[in-house]
$ cat target.txt   # compact mmCIF, C-alpha atoms
# COMPACT_ATOMS: atom_id res chain seq x y z
CA MET Q 1 14.85 15.21 0.31
CA LEU Q 2 13.59 15.11 3.89
CA ASP Q 3 10.63 17.32 3.14
CA ALA Q 4 7.56 15.50 1.87
CA SER Q 5 6.11 18.57 0.21
CA PHE Q 6 6.43 19.63 -3.42
CA ASP Q 7 6.68 23.22 -4.39
CA HIS Q 8 4.01 24.29 -6.86
CA VAL Q 9 6.17 23.80 -9.95
CA GLU Q 10 7.37 20.34 -8.92
CA ARG Q 11 3.86 19.20 -8.14
CA GLN Q 12 2.56 20.48 -11.46
CA ARG Q 13 5.29 18.63 -13.33
CA TRP Q 14 4.57 15.43 -11.45
CA ALA Q 15 0.83 15.75 -12.11
CA GLU Q 16 1.35 16.32 -15.83
CA ARG Q 17 3.61 13.26 -16.15
CA ARG Q 18 1.23 11.12 -14.12
CA GLN Q 19 -1.85 12.19 -16.09
CA ALA Q 20 -0.07 11.50 -19.37
CA LEU Q 21 0.61 7.94 -18.20
CA GLU Q 22 -2.96 7.52 -16.93
CA GLN Q 23 -4.36 8.49 -20.33
CA GLY Q 24 -1.76 6.79 -22.53
CA PRO Q 25 -1.75 3.31 -24.12
CA PHE Q 26 1.11 2.00 -21.99
CA CYS Q 27 1.75 1.52 -18.32
CA ALA Q 28 5.25 2.26 -17.07
CA THR Q 29 7.05 -0.36 -14.97
CA PRO Q 30 10.58 -0.62 -13.57
CA ASP Q 31 11.35 -2.94 -16.50
CA GLY Q 32 9.90 -0.75 -19.25
CA LEU Q 33 6.62 0.09 -20.97
CA VAL Q 34 3.87 -2.54 -21.16
CA PRO Q 35 0.58 -2.21 -23.09
CA TRP Q 36 -2.37 -1.78 -20.78
CA TRP Q 37 -4.22 -4.76 -22.28
CA ARG Q 38 -1.36 -7.10 -21.40
CA LYS Q 39 -1.10 -5.73 -17.88
CA ARG Q 40 -4.76 -6.47 -17.28
CA LEU Q 41 -4.68 -10.13 -18.36
CA SER Q 42 -4.29 -11.34 -14.77
CA SER Q 43 -7.26 -9.20 -13.73
CA ARG Q 44 -9.32 -10.73 -16.52
CA PHE Q 45 -8.47 -14.19 -15.16
CA VAL Q 46 -9.75 -13.21 -11.71
CA ASP Q 47 -12.89 -11.73 -13.30
CA LEU Q 48 -13.45 -15.01 -15.15
CA CYS Q 49 -13.19 -16.98 -11.90
CA GLY Q 50 -15.85 -14.75 -10.37
CA TRP Q 51 -18.12 -15.12 -13.39
CA LEU Q 52 -17.83 -18.92 -13.37
CA VAL Q 53 -18.85 -19.30 -9.73
CA ARG Q 54 -21.54 -16.59 -9.69
CA PRO Q 55 -24.49 -18.99 -10.21
CA THR Q 56 -23.25 -21.27 -7.41
CA PRO Q 57 -23.20 -21.20 -3.59
CA ILE Q 58 -19.43 -20.74 -3.87
CA TYR Q 59 -20.04 -17.11 -4.87
CA LEU Q 60 -22.01 -16.38 -1.69
CA PHE Q 61 -19.32 -18.09 0.38
CA GLY Q 62 -16.60 -16.00 -1.26
CA ARG Q 63 -18.56 -12.79 -0.75
CA ARG Q 64 -19.02 -13.56 2.95
CA ASN Q 65 -15.28 -14.12 3.16
CA ALA Q 66 -14.69 -10.70 1.61
CA LEU Q 67 -16.76 -9.11 4.37
CA ARG Q 68 -14.72 -10.75 7.14
CA LEU Q 69 -11.76 -8.65 8.16
CA GLN Q 70 -9.06 -9.39 10.68
CA LEU Q 71 -6.61 -7.29 12.65
CA THR Q 72 -3.12 -8.72 12.24
CA GLU Q 73 -0.68 -7.66 14.96
CA MET Q 74 3.04 -8.36 14.98
CA GLU Q 75 6.32 -7.20 16.45
CA LEU Q 76 9.36 -6.79 14.20
CA ALA Q 77 12.82 -6.47 15.72
CA PHE Q 78 15.69 -4.47 14.21
CA ARG Q 79 19.24 -4.07 15.46
CA HIS Q 80 19.64 -0.48 14.26
CA LEU Q 81 16.25 0.87 15.34
CA PRO Q 82 16.78 4.06 17.36
CA ALA Q 83 16.01 3.43 21.03
CA ALA Q 84 13.43 6.22 21.06
CA PHE Q 85 11.34 4.27 18.52
CA ASP Q 86 11.31 1.00 20.45
CA GLY Q 87 7.59 0.16 20.76
CA TYR Q 88 6.60 2.46 17.88
CA ARG Q 89 3.24 1.28 16.49
CA ILE Q 90 2.39 1.51 12.80
CA LEU Q 91 -1.09 0.89 11.42
CA HIS Q 92 -0.60 -0.34 7.87
CA LEU Q 93 -3.63 -0.12 5.58
CA SER Q 94 -3.87 -0.73 1.86
CA ASP Q 95 -6.24 -1.43 -1.00
CA SER Q 96 -9.44 -0.30 0.68
CA HIS Q 97 -11.30 -0.12 -2.67
CA LEU Q 98 -14.45 0.75 -0.71
CA ASP Q 99 -16.31 1.95 -3.79
CA ARG Q 100 -16.20 -1.67 -5.01
CA LEU Q 101 -17.80 -3.07 -1.84
CA PRO Q 102 -19.34 -0.28 0.27
CA GLU Q 103 -20.82 -2.82 2.70
CA LEU Q 104 -17.28 -3.36 3.95
CA ALA Q 105 -17.00 0.16 5.37
CA PRO Q 106 -18.95 -0.33 8.64
CA ILE Q 107 -17.14 -3.62 9.22
CA ALA Q 108 -13.77 -1.91 8.78
CA ARG Q 109 -14.84 0.96 11.03
CA ARG Q 110 -15.71 -1.45 13.85
CA LEU Q 111 -12.42 -3.27 13.40
CA LEU Q 112 -10.35 -0.09 13.62
CA SER Q 113 -12.38 1.87 16.17
CA GLY Q 114 -10.42 2.66 19.32
CA LEU Q 115 -7.00 1.81 17.90
CA GLU Q 116 -4.14 3.99 19.14
CA VAL Q 117 -1.01 4.04 16.99
CA ASP Q 118 1.97 6.28 16.39
CA LEU Q 119 1.92 6.23 12.59
CA LEU Q 120 -0.75 5.52 9.99
CA ALA Q 121 0.76 4.23 6.75
CA LEU Q 122 -1.60 3.97 3.78
CA THR Q 123 0.00 2.17 0.83
CA GLY Q 124 -2.41 3.07 -1.93
CA ASP Q 125 -5.46 2.00 -3.89
CA VAL Q 126 -8.09 3.92 -2.00
CA GLN Q 127 -10.01 3.89 -5.28
CA GLY Q 128 -11.42 0.73 -6.82
CA GLU Q 129 -12.98 1.62 -10.15
CA HIS Q 130 -10.57 2.98 -12.75
CA ARG Q 131 -11.51 6.40 -14.15
CA ALA Q 132 -14.52 6.76 -11.88
CA PRO Q 133 -15.28 9.57 -9.41
CA ILE Q 134 -13.27 9.17 -6.20
CA THR Q 135 -15.85 10.71 -3.88
CA LEU Q 136 -17.41 7.47 -2.62
CA ALA Q 137 -14.10 5.72 -1.95
CA THR Q 138 -12.56 8.67 -0.12
CA THR Q 139 -15.68 9.48 1.90
CA LEU Q 140 -15.91 5.90 3.13
CA LEU Q 141 -12.19 5.88 3.91
CA ALA Q 142 -12.56 8.97 6.09
CA ASP Q 143 -15.44 7.29 7.89
CA ILE Q 144 -13.56 4.09 8.74
CA LEU Q 145 -10.59 6.09 10.05
CA ASP Q 146 -12.69 8.35 12.25
CA GLY Q 147 -12.26 6.27 15.41
CA ILE Q 148 -8.47 5.90 15.22
CA LYS Q 149 -6.05 7.93 17.34
CA VAL Q 150 -2.79 8.64 15.49
CA ARG Q 151 -0.16 10.24 17.70
CA ASP Q 152 2.35 11.15 15.01
CA ARG Q 153 1.71 11.33 11.24
CA ARG Q 154 -0.70 10.04 8.62
CA LEU Q 155 1.38 9.14 5.57
CA ALA Q 156 0.10 7.86 2.23
CA VAL Q 157 1.30 6.83 -1.20
CA LEU Q 158 -0.73 6.31 -4.35
CA GLY Q 159 -1.65 2.99 -5.92
CA ASN Q 160 -2.27 2.04 -9.53
CA HIS Q 161 -6.03 2.66 -9.11
CA ASP Q 162 -5.52 6.14 -7.63
CA PRO Q 163 -5.63 9.15 -9.99
CA VAL Q 164 -3.82 12.45 -9.54
CA ALA Q 165 -6.91 13.95 -7.91
CA MET Q 166 -6.50 11.55 -4.98
CA VAL Q 167 -3.58 13.58 -3.62
CA GLU Q 168 -5.51 16.72 -2.68
CA THR Q 169 -8.40 14.70 -1.28
CA LEU Q 170 -6.11 12.71 1.01
CA GLU Q 171 -4.36 15.89 2.10
CA ARG Q 172 -7.72 17.36 3.11
CA GLN Q 173 -8.20 14.26 5.27
CA GLY Q 174 -4.96 14.95 7.11
CA PHE Q 175 -2.58 12.74 5.15
CA GLU Q 176 0.83 13.77 3.93
CA VAL Q 177 1.18 12.11 0.52
CA LEU Q 178 4.73 11.07 -0.30
CA LEU Q 179 5.32 11.36 -4.04
CA ASN Q 180 8.86 10.01 -4.44
CA ARG Q 181 9.85 11.91 -1.33
CA SER Q 182 11.21 11.20 2.15
CA MET Q 183 10.21 12.50 5.54
CA ALA Q 184 12.07 12.37 8.85
CA LEU Q 185 10.19 11.41 12.01
CA GLU Q 186 11.86 12.61 15.20
CA ARG Q 187 11.50 11.45 18.78
CA ASP Q 188 13.67 12.34 21.79
CA GLY Q 189 16.48 13.58 19.59
CA GLU Q 190 16.54 10.48 17.38
CA ARG Q 191 14.96 9.96 14.01
CA LEU Q 192 13.90 7.52 11.34
CA VAL Q 193 13.24 8.27 7.69
CA VAL Q 194 10.16 7.23 5.72
CA THR Q 195 10.36 7.23 1.92
CA GLY Q 196 7.16 6.99 -0.11
CA LEU Q 197 6.94 6.30 -3.84
CA ASP Q 198 4.29 6.99 -6.41
CA ASP Q 199 2.88 3.74 -7.79
CA VAL Q 200 5.54 1.73 -9.62
CA HIS Q 201 3.29 -1.03 -10.96
CA SER Q 202 1.76 1.16 -13.69
CA PHE Q 203 3.22 4.66 -13.26
CA TYR Q 204 6.93 4.13 -12.67
CA THR Q 205 9.38 6.94 -13.34
CA GLU Q 206 13.08 7.20 -12.54
CA ALA Q 207 12.11 9.58 -9.74
CA ALA Q 208 11.01 6.53 -7.74
CA ARG Q 209 14.41 4.87 -7.92
CA ALA Q 210 16.11 8.20 -7.23
CA ALA Q 211 14.01 8.66 -4.09
CA LEU Q 212 15.13 5.27 -2.77
CA ASP Q 213 18.75 5.91 -3.69
CA ASP Q 214 18.56 9.26 -1.94
CA GLY Q 215 18.14 7.30 1.28
CA VAL Q 216 21.78 6.22 1.07
CA ARG Q 217 22.80 9.78 1.89
CA HIS Q 218 21.33 9.44 5.36
CA GLY Q 219 23.97 6.93 6.46
CA ASP Q 220 22.89 4.59 9.22
CA THR Q 221 19.52 6.28 9.73
CA PHE Q 222 16.76 3.68 10.09
CA ARG Q 223 14.66 3.82 6.92
CA ILE Q 224 11.18 2.60 6.02
CA ALA Q 225 9.86 2.39 2.45
CA LEU Q 226 6.17 2.81 1.66
CA VAL Q 227 5.42 1.52 -1.83
CA HIS Q 228 2.11 0.34 -3.25
CA SER Q 229 3.60 -2.91 -4.57
CA ALA Q 230 6.61 -5.01 -3.61
CA GLU Q 231 8.11 -4.40 -7.05
CA MET Q 232 10.89 -2.10 -5.80
CA ALA Q 233 12.03 -4.42 -3.01
CA ASP Q 234 15.38 -5.21 -4.61
CA HIS Q 235 16.23 -1.53 -5.06
CA ALA Q 236 15.13 -0.64 -1.52
CA ALA Q 237 17.21 -3.44 0.00
CA ARG Q 238 20.30 -2.30 -1.89
CA ALA Q 239 19.69 1.25 -0.66
CA GLY Q 240 19.78 0.06 2.94
CA TYR Q 241 16.11 0.21 3.93
CA ALA Q 242 15.22 -1.81 7.01
CA LEU Q 243 11.46 -2.18 6.45
CA TYR Q 244 9.32 -2.19 3.29
CA LEU Q 245 5.53 -1.93 3.55
CA SER Q 246 3.31 -2.65 0.55
CA GLY Q 247 -0.04 -3.95 -0.65
CA HIS Q 248 -1.40 -4.19 -4.20
CA SER Q 249 -1.53 -7.99 -4.51
CA HIS Q 250 -4.38 -8.45 -2.00
CA GLY Q 251 -2.36 -11.51 -0.99
CA GLY Q 252 -3.82 -13.08 -4.11
CA GLN Q 253 -7.43 -12.54 -2.92
CA ILE Q 254 -8.44 -15.87 -4.47
CA CYS Q 255 -6.02 -18.46 -3.13
CA LEU Q 256 -5.63 -22.21 -2.89
CA PRO Q 257 -5.89 -23.88 0.52
CA GLY Q 258 -2.84 -22.83 2.50
CA GLY Q 259 -2.99 -19.33 1.05
CA ARG Q 260 -1.11 -19.87 -2.22
CA PRO Q 261 -2.20 -17.12 -4.65
CA LEU Q 262 -3.55 -18.03 -8.07
CA VAL Q 263 -2.49 -14.57 -9.27
CA THR Q 264 -0.08 -12.13 -7.59
CA HIS Q 265 -0.40 -9.12 -9.95
CA LEU Q 266 3.36 -8.67 -9.54
CA ALA Q 267 5.71 -8.51 -12.52
CA ARG Q 268 8.82 -8.72 -10.32
CA CYS Q 269 9.83 -9.32 -6.69
CA ARG Q 270 7.09 -11.93 -6.36
CA ILE Q 271 8.48 -13.04 -3.02
CA GLY Q 272 6.55 -10.03 -1.71
CA ALA Q 273 3.12 -11.28 -2.72
CA ARG Q 274 1.80 -11.80 0.79
CA GLY Q 275 2.69 -11.42 4.44
CA LEU Q 276 6.18 -11.28 5.89
CA TRP Q 277 9.15 -11.70 3.60
CA ARG Q 278 12.82 -10.81 3.48
CA TRP Q 279 15.08 -9.41 0.78
CA ALA Q 280 18.73 -9.50 1.86
CA ASP Q 281 18.80 -7.63 5.19
CA MET Q 282 15.46 -5.89 4.64
CA ILE Q 283 12.18 -7.11 6.14
CA GLY Q 284 9.04 -6.64 4.07
CA TYR Q 285 5.36 -6.92 4.85
CA THR Q 286 2.67 -7.09 2.18
CA THR Q 287 -0.81 -6.77 3.59
CA THR Q 288 -3.73 -8.62 2.04
CA GLY Q 289 -5.55 -5.27 2.14
CA LEU Q 290 -8.99 -4.29 3.31
CA GLY Q 291 -10.98 -4.45 0.10
CA VAL Q 292 -11.33 -6.39 -3.11
CA SER Q 293 -10.66 -5.84 -6.78
CA GLY Q 294 -12.58 -7.54 -9.55
CA PRO Q 295 -15.19 -9.94 -8.16
CA PRO Q 296 -16.14 -9.15 -4.53
CA LEU Q 297 -14.80 -12.51 -3.37
CA ARG Q 298 -12.04 -13.88 -1.17
CA PHE Q 299 -10.93 -17.47 -0.71
CA ASN Q 300 -8.23 -18.60 1.73
CA CYS Q 301 -7.06 -15.00 2.01
CA PRO Q 302 -8.89 -12.80 4.55
CA GLY Q 303 -8.70 -9.04 4.27
CA GLU Q 304 -6.84 -7.28 7.04
CA ALA Q 305 -5.49 -4.24 8.75
CA ALA Q 306 -1.98 -4.72 10.14
CA VAL Q 307 -0.50 -3.22 13.30
CA ILE Q 308 3.28 -3.46 13.35
CA THR Q 309 5.22 -2.70 16.53
CA LEU Q 310 8.88 -1.87 16.00
CA ARG Q 311 11.30 -3.34 18.52
CA ARG Q 312 14.98 -2.67 19.08
CA ARG Q 313 17.05 -5.85 18.98
CA PRO Q 314 20.19 -5.90 21.16
$ encode --input "target.txt" --output "structure tokens"
Amino acid sequence: MLDASFDHVERQRWAERRQALEQGPFCATPDGLVPWWRKRLSSRFVDLCGWLVRPTPIYLFGRRNALRLQLTEMELAFRHLPAAFDGYRILHLSDSHLDRLPELAPIARRLLSGLEVDLLALTGDVQGEHRAPITLATTLLADILDGIKVRDRRLAVLGNHDPVAMVETLERQGFEVLLNRSMALERDGERLVVTGLDDVHSFYTEAARAALDDGVRHGDTFRIALVHSAEMADHAARAGYALYLSGHSHGGQICLPGGRPLVTHLARCRIGARGLWRWADMIGYTTTGLGVSGPPLRFNCPGEAAVITLRRRP
């Protein structure tokens, strides 16, 4: 579908399925059902690392790192990019988790203030605390985005920390939330298609794969996938997507020197744990994200906002 909206019945069905997964004993992945306790083992490891260093100066150093954000700018060239979209600027944000570290909000606001972009792409995990009220996280998100000028659309997908209620809140903030849906962006008679999936790390359904496969119907149209995690990269590449934007992993958040993650939080497609990567002919970018999950620490992995400029390659 090239209409991002659900009708009332479709949305209700999606919400019921999603809430059942949120409240059930298993998380749903592209490879099947996994008990929640097993899924959270990697998070427990990160929590343990934070607990071990808490009484030491290392903890203060890691917390200072978490409060240092950078703006990462890049140009990506594509042979089949429509000429009208040459120079198209995308602000890619993910994993703000501002309820976990509210002190990060004014820092992020200063970083983003004055930015002018064509598209804002939010790839999930606005919320930090599972099963907690979303008011703080969403209020702080609105605040940090206040100084940005977006010429075209604000598009969002949900992450594994985001509950069903996040959809209406983001819509009130001007986002169009893509729930296994596609949307066409048009400029000077040309277009590209953006497909957004509901979280596939914990709430996968076959509707996610169907949404990617639906992109094949659009022939040579340039296609971008917005997915919370890189875990559908193989499917998107086979469906002919040119660009895949994701977050979720935080780039590892706690990394060895050189940026090698101790934990990726990815069950598959681990090549997409951080930064630029490629799967067949598709280019992917996984942002390290704005915020933190677990201990409010970062090592060898600064948080970021990414500005991606699309270029047409001859």
$ atom_distance --input "target.txt" --atom1 "CA of Thr288 in chain Q" --atom2 "CA of Ala108 in chain Q"
13.8 Å
$ residues_around --input "target.txt" --residues "Pro257 in chain Q" --least-positions-apart "5" --cutoff "12 Å" --atoms "all atoms listed in the file" --output "PyMOL selection string"
chain Q and resi 252+262+298-301
$ residues_around --input "target.txt" --residues "Leu145 in chain Q" --least-positions-apart "2" --cutoff "10 Å" --atoms "only C-alpha atoms" --output "JSON, numbers by chain"
{"Q": [105, 108, 109, 110, 112, 113, 114, 115, 120, 140, 141, 142, 143, 147, 148, 149, 150, 173]}
$ axis_aligned_box --input "target.txt" --around "range 129-141 of chain Q" --padding-each-side "8 Å" --output "AutoDock Vina command-line options"
--center_x -14.0 --center_y 6.2 --center_z -5.1 --size_x 22.8 --size_y 25.1 --size_z 34.1
$ atom_distance --input "target.txt" --atom1 "CA of Asp214 in chain Q" --atom2 "CA of Thr286 in chain Q"
23.2 Å
$ residues_around --input "target.txt" --residues "range 266-270 of chain Q" --least-positions-apart "5" --cutoff "12 Å" --atoms "only C-alpha atoms" --output "PyMOL selection string"
chain Q and resi 28-32+34+38-40+42-43+200-202+228-237+246-252+261+275+277-279+284+286
$ closest_residue --input "target.txt" --among "Q:Leu297, Q:Thr205, Q:Trp36, Q:Arg217" --to "Gly24 in chain Q" --atoms "all atoms listed in the file"
Q:Trp36
$ atom_distance --input "target.txt" --atom1 "CA of Val167 in chain Q" --atom2 "CA of Ile271 in chain Q"
29.2 Å
$ residues_near_point --input "target.txt" --point "(15.2, -3.0, 23.1)" --cutoff "10 Å" --atoms "all atoms listed in the file" --output "number ranges by chain"
Q: 77-79, 81-87, 310-314
$ closest_residue --input "target.txt" --among "Q:Asn160, Q:Ser182, Q:Ser94, Q:Thr264" --to "Glu129 in chain Q" --atoms "all atoms listed in the file"
Q:Asn160
$ closest_atom_pairs --input "target.txt" --of "range 219-292 of chain Q" --to "range 58-67 of chain Q" --cutoff "9 Å" --atoms "only C-alpha atoms" --output "CSV"
residue,atom,partner,partner_atom,distance
Q:Gln253,CA,Q:Ala66,CA,8.8
Q:Ile254,CA,Q:Gly62,CA,8.8
Q:Leu290,CA,Q:Ala66,CA,8.7
Q:Gly291,CA,Q:Ala66,CA,7.4
Q:Val292,CA,Q:Ala66,CA,7.2
$ closest_residue --input "target.txt" --among "Q:Pro163, Q:Val263, Q:Gly240, Q:Glu186" --to "Arg18 in chain Q" --atoms "only C-alpha atoms"
Q:Pro163
$ closest_residue --input "target.txt" --among "Q:Met74, Q:Leu197, Q:Ile134, Q:Leu185" --to "Met166 in chain Q" --atoms "all atoms listed in the file"
Q:Ile134
$ closest_residue --input "target.txt" --among "Q:Arg209, Q:His265, Q:Arg44, Q:Arg100" --to "Asn180 in chain Q" --atoms "all atoms listed in the file"
Q:Arg209
$ residues_around --input "target.txt" --residues "Gly124 in chain Q" --least-positions-apart "3" --cutoff "7 Å" --atoms "all atoms listed in the file" --output "list in words"
Ser94, Asp95, Ala156, Val157, Leu158, Gly159 and His228 of chain Q
$ residues_near_point --input "target.txt" --point "(-2.8, 12.8, 10.1)" --cutoff "9 Å" --atoms "only C-alpha atoms" --output "PDB file with C-alpha atoms, keeping the file's coordinate frame"
ATOM      1  CA  LEU Q 119       1.920   6.230  12.590  1.00  0.00           C
ATOM      2  CA  LEU Q 120      -0.750   5.520   9.990  1.00  0.00           C
ATOM      3  CA  VAL Q 150      -2.790   8.640  15.490  1.00  0.00           C
ATOM      4  CA  ARG Q 151      -0.160  10.240  17.700  1.00  0.00           C
ATOM      5  CA  ASP Q 152       2.350  11.150  15.010  1.00  0.00           C
ATOM      6  CA  ARG Q 153       1.710  11.330  11.240  1.00  0.00           C
ATOM      7  CA  ARG Q 154      -0.700  10.040   8.620  1.00  0.00           C
ATOM      8  CA  LEU Q 155       1.380   9.140   5.570  1.00  0.00           C
ATOM      9  CA  GLU Q 171      -4.360  15.890   2.100  1.00  0.00           C
ATOM     10  CA  GLN Q 173      -8.200  14.260   5.270  1.00  0.00           C
ATOM     11  CA  GLY Q 174      -4.960  14.950   7.110  1.00  0.00           C
ATOM     12  CA  PHE Q 175      -2.580  12.740   5.150  1.00  0.00           C
ATOM     13  CA  GLU Q 176       0.830  13.770   3.930  1.00  0.00           C
TER      14      GLU Q 176
END
$ closest_residue --input "target.txt" --among "Q:Phe203, Q:Pro106, Q:Pro133, Q:Val46" --to "Asp146 in chain Q" --atoms "all atoms listed in the file"
Q:Pro106
$ residues_around --input "target.txt" --residues "Ala184 in chain Q" --least-positions-apart "4" --cutoff "7 Å" --atoms "all atoms listed in the file" --output "list of chain:residue names"
Q:Leu2, Q:Arg191, Q:Leu192, Q:Val193, Q:Val194
$ decode --input "target.txt" --residues "range 272-289 of chain Q" --atoms "N, CA and C atoms" --output "PDB file, in the first residue's frame"
ATOM      1  N   GLY Q 272      24.618  -5.354  10.684  1.00  0.00           N
ATOM      2  CA  GLY Q 272      23.997  -4.043  10.845  1.00  0.00           C
ATOM      3  C   GLY Q 272      23.995  -3.530  12.263  1.00  0.00           C
ATOM      4  N   ALA Q 273      25.033  -3.859  13.030  1.00  0.00           N
ATOM      5  CA  ALA Q 273      25.067  -3.442  14.432  1.00  0.00           C
ATOM      6  C   ALA Q 273      25.409  -1.970  14.602  1.00  0.00           C
ATOM      7  N   ARG Q 274      26.174  -1.409  13.654  1.00  0.00           N
ATOM      8  CA  ARG Q 274      26.608  -0.025  13.853  1.00  0.00           C
ATOM      9  C   ARG Q 274      27.083   0.583  12.543  1.00  0.00           C
ATOM     10  N   GLY Q 275      26.688   1.829  12.326  1.00  0.00           N
ATOM     11  CA  GLY Q 275      27.231   2.598  11.219  1.00  0.00           C
ATOM     12  C   GLY Q 275      26.795   2.109   9.853  1.00  0.00           C
ATOM     13  N   LEU Q 276      27.638   2.420   8.853  1.00  0.00           N
ATOM     14  CA  LEU Q 276      27.345   2.037   7.477  1.00  0.00           C
ATOM     15  C   LEU Q 276      27.627   0.560   7.252  1.00  0.00           C
ATOM     16  N   TRP Q 277      26.779  -0.082   6.492  1.00  0.00           N
ATOM     17  CA  TRP Q 277      26.973  -1.471   6.125  1.00  0.00           C
ATOM     18  C   TRP Q 277      26.274  -1.719   4.796  1.00  0.00           C
ATOM     19  N   ARG Q 278      26.530  -2.866   4.236  1.00  0.00           N
ATOM     20  CA  ARG Q 278      25.923  -3.212   2.945  1.00  0.00           C
ATOM     21  C   ARG Q 278      25.418  -4.649   2.980  1.00  0.00           C
ATOM     22  N   TRP Q 279      24.259  -4.860   2.394  1.00  0.00           N
ATOM     23  CA  TRP Q 279      23.730  -6.212   2.212  1.00  0.00           C
ATOM     24  C   TRP Q 279      23.346  -6.337   0.738  1.00  0.00           C
ATOM     25  N   ALA Q 280      24.123  -7.117  -0.002  1.00  0.00           N
ATOM     26  CA  ALA Q 280      23.950  -7.225  -1.449  1.00  0.00           C
ATOM     27  C   ALA Q 280      24.057  -5.816  -2.049  1.00  0.00           C
ATOM     28  N   ASP Q 281      23.031  -5.376  -2.766  1.00  0.00           N
ATOM     29  CA  ASP Q 281      23.087  -4.045  -3.386  1.00  0.00           C
ATOM     30  C   ASP Q 281      22.506  -2.949  -2.504  1.00  0.00           C
ATOM     31  N   MET Q 282      22.065  -3.294  -1.329  1.00  0.00           N
ATOM     32  CA  MET Q 282      21.415  -2.329  -0.434  1.00  0.00           C
ATOM     33  C   MET Q 282      22.416  -1.737   0.553  1.00  0.00           C
ATOM     34  N   ILE Q 283      22.349  -0.431   0.747  1.00  0.00           N
ATOM     35  CA  ILE Q 283      23.151   0.255   1.760  1.00  0.00           C
ATOM     36  C   ILE Q 283      22.318   0.397   3.023  1.00  0.00           C
ATOM     37  N   GLY Q 284      22.933   0.130   4.165  1.00  0.00           N
ATOM     38  CA  GLY Q 284      22.259   0.306   5.443  1.00  0.00           C
ATOM     39  C   GLY Q 284      23.013   1.266   6.337  1.00  0.00           C
ATOM     40  N   TYR Q 285      22.275   1.931   7.197  1.00  0.00           N
ATOM     41  CA  TYR Q 285      22.913   2.751   8.233  1.00  0.00           C
ATOM     42  C   TYR Q 285      22.190   2.508   9.548  1.00  0.00           C
ATOM     43  N   THR Q 286      22.965   2.099  10.553  1.00  0.00           N
ATOM     44  CA  THR Q 286      22.447   1.902  11.902  1.00  0.00           C
ATOM     45  C   THR Q 286      23.043   2.963  12.809  1.00  0.00           C
ATOM     46  N   THR Q 287      22.214   3.859  13.274  1.00  0.00           N
ATOM     47  CA  THR Q 287      22.686   4.920  14.142  1.00  0.00           C
ATOM     48  C   THR Q 287      22.950   4.394  15.548  1.00  0.00           C
ATOM     49  N   THR Q 288      23.902   5.013  16.227  1.00  0.00           N
ATOM     50  CA  THR Q 288      24.157   4.661  17.628  1.00  0.00           C
ATOM     51  C   THR Q 288      23.065   5.202  18.542  1.00  0.00           C
ATOM     52  N   GLY Q 289      22.192   6.062  18.005  1.00  0.00           N
ATOM     53  CA  GLY Q 289      21.059   6.559  18.778  1.00  0.00           C
ATOM     54  C   GLY Q 289      21.423   7.726  19.669  1.00  0.00           C
TER      55      GLY Q 289
END
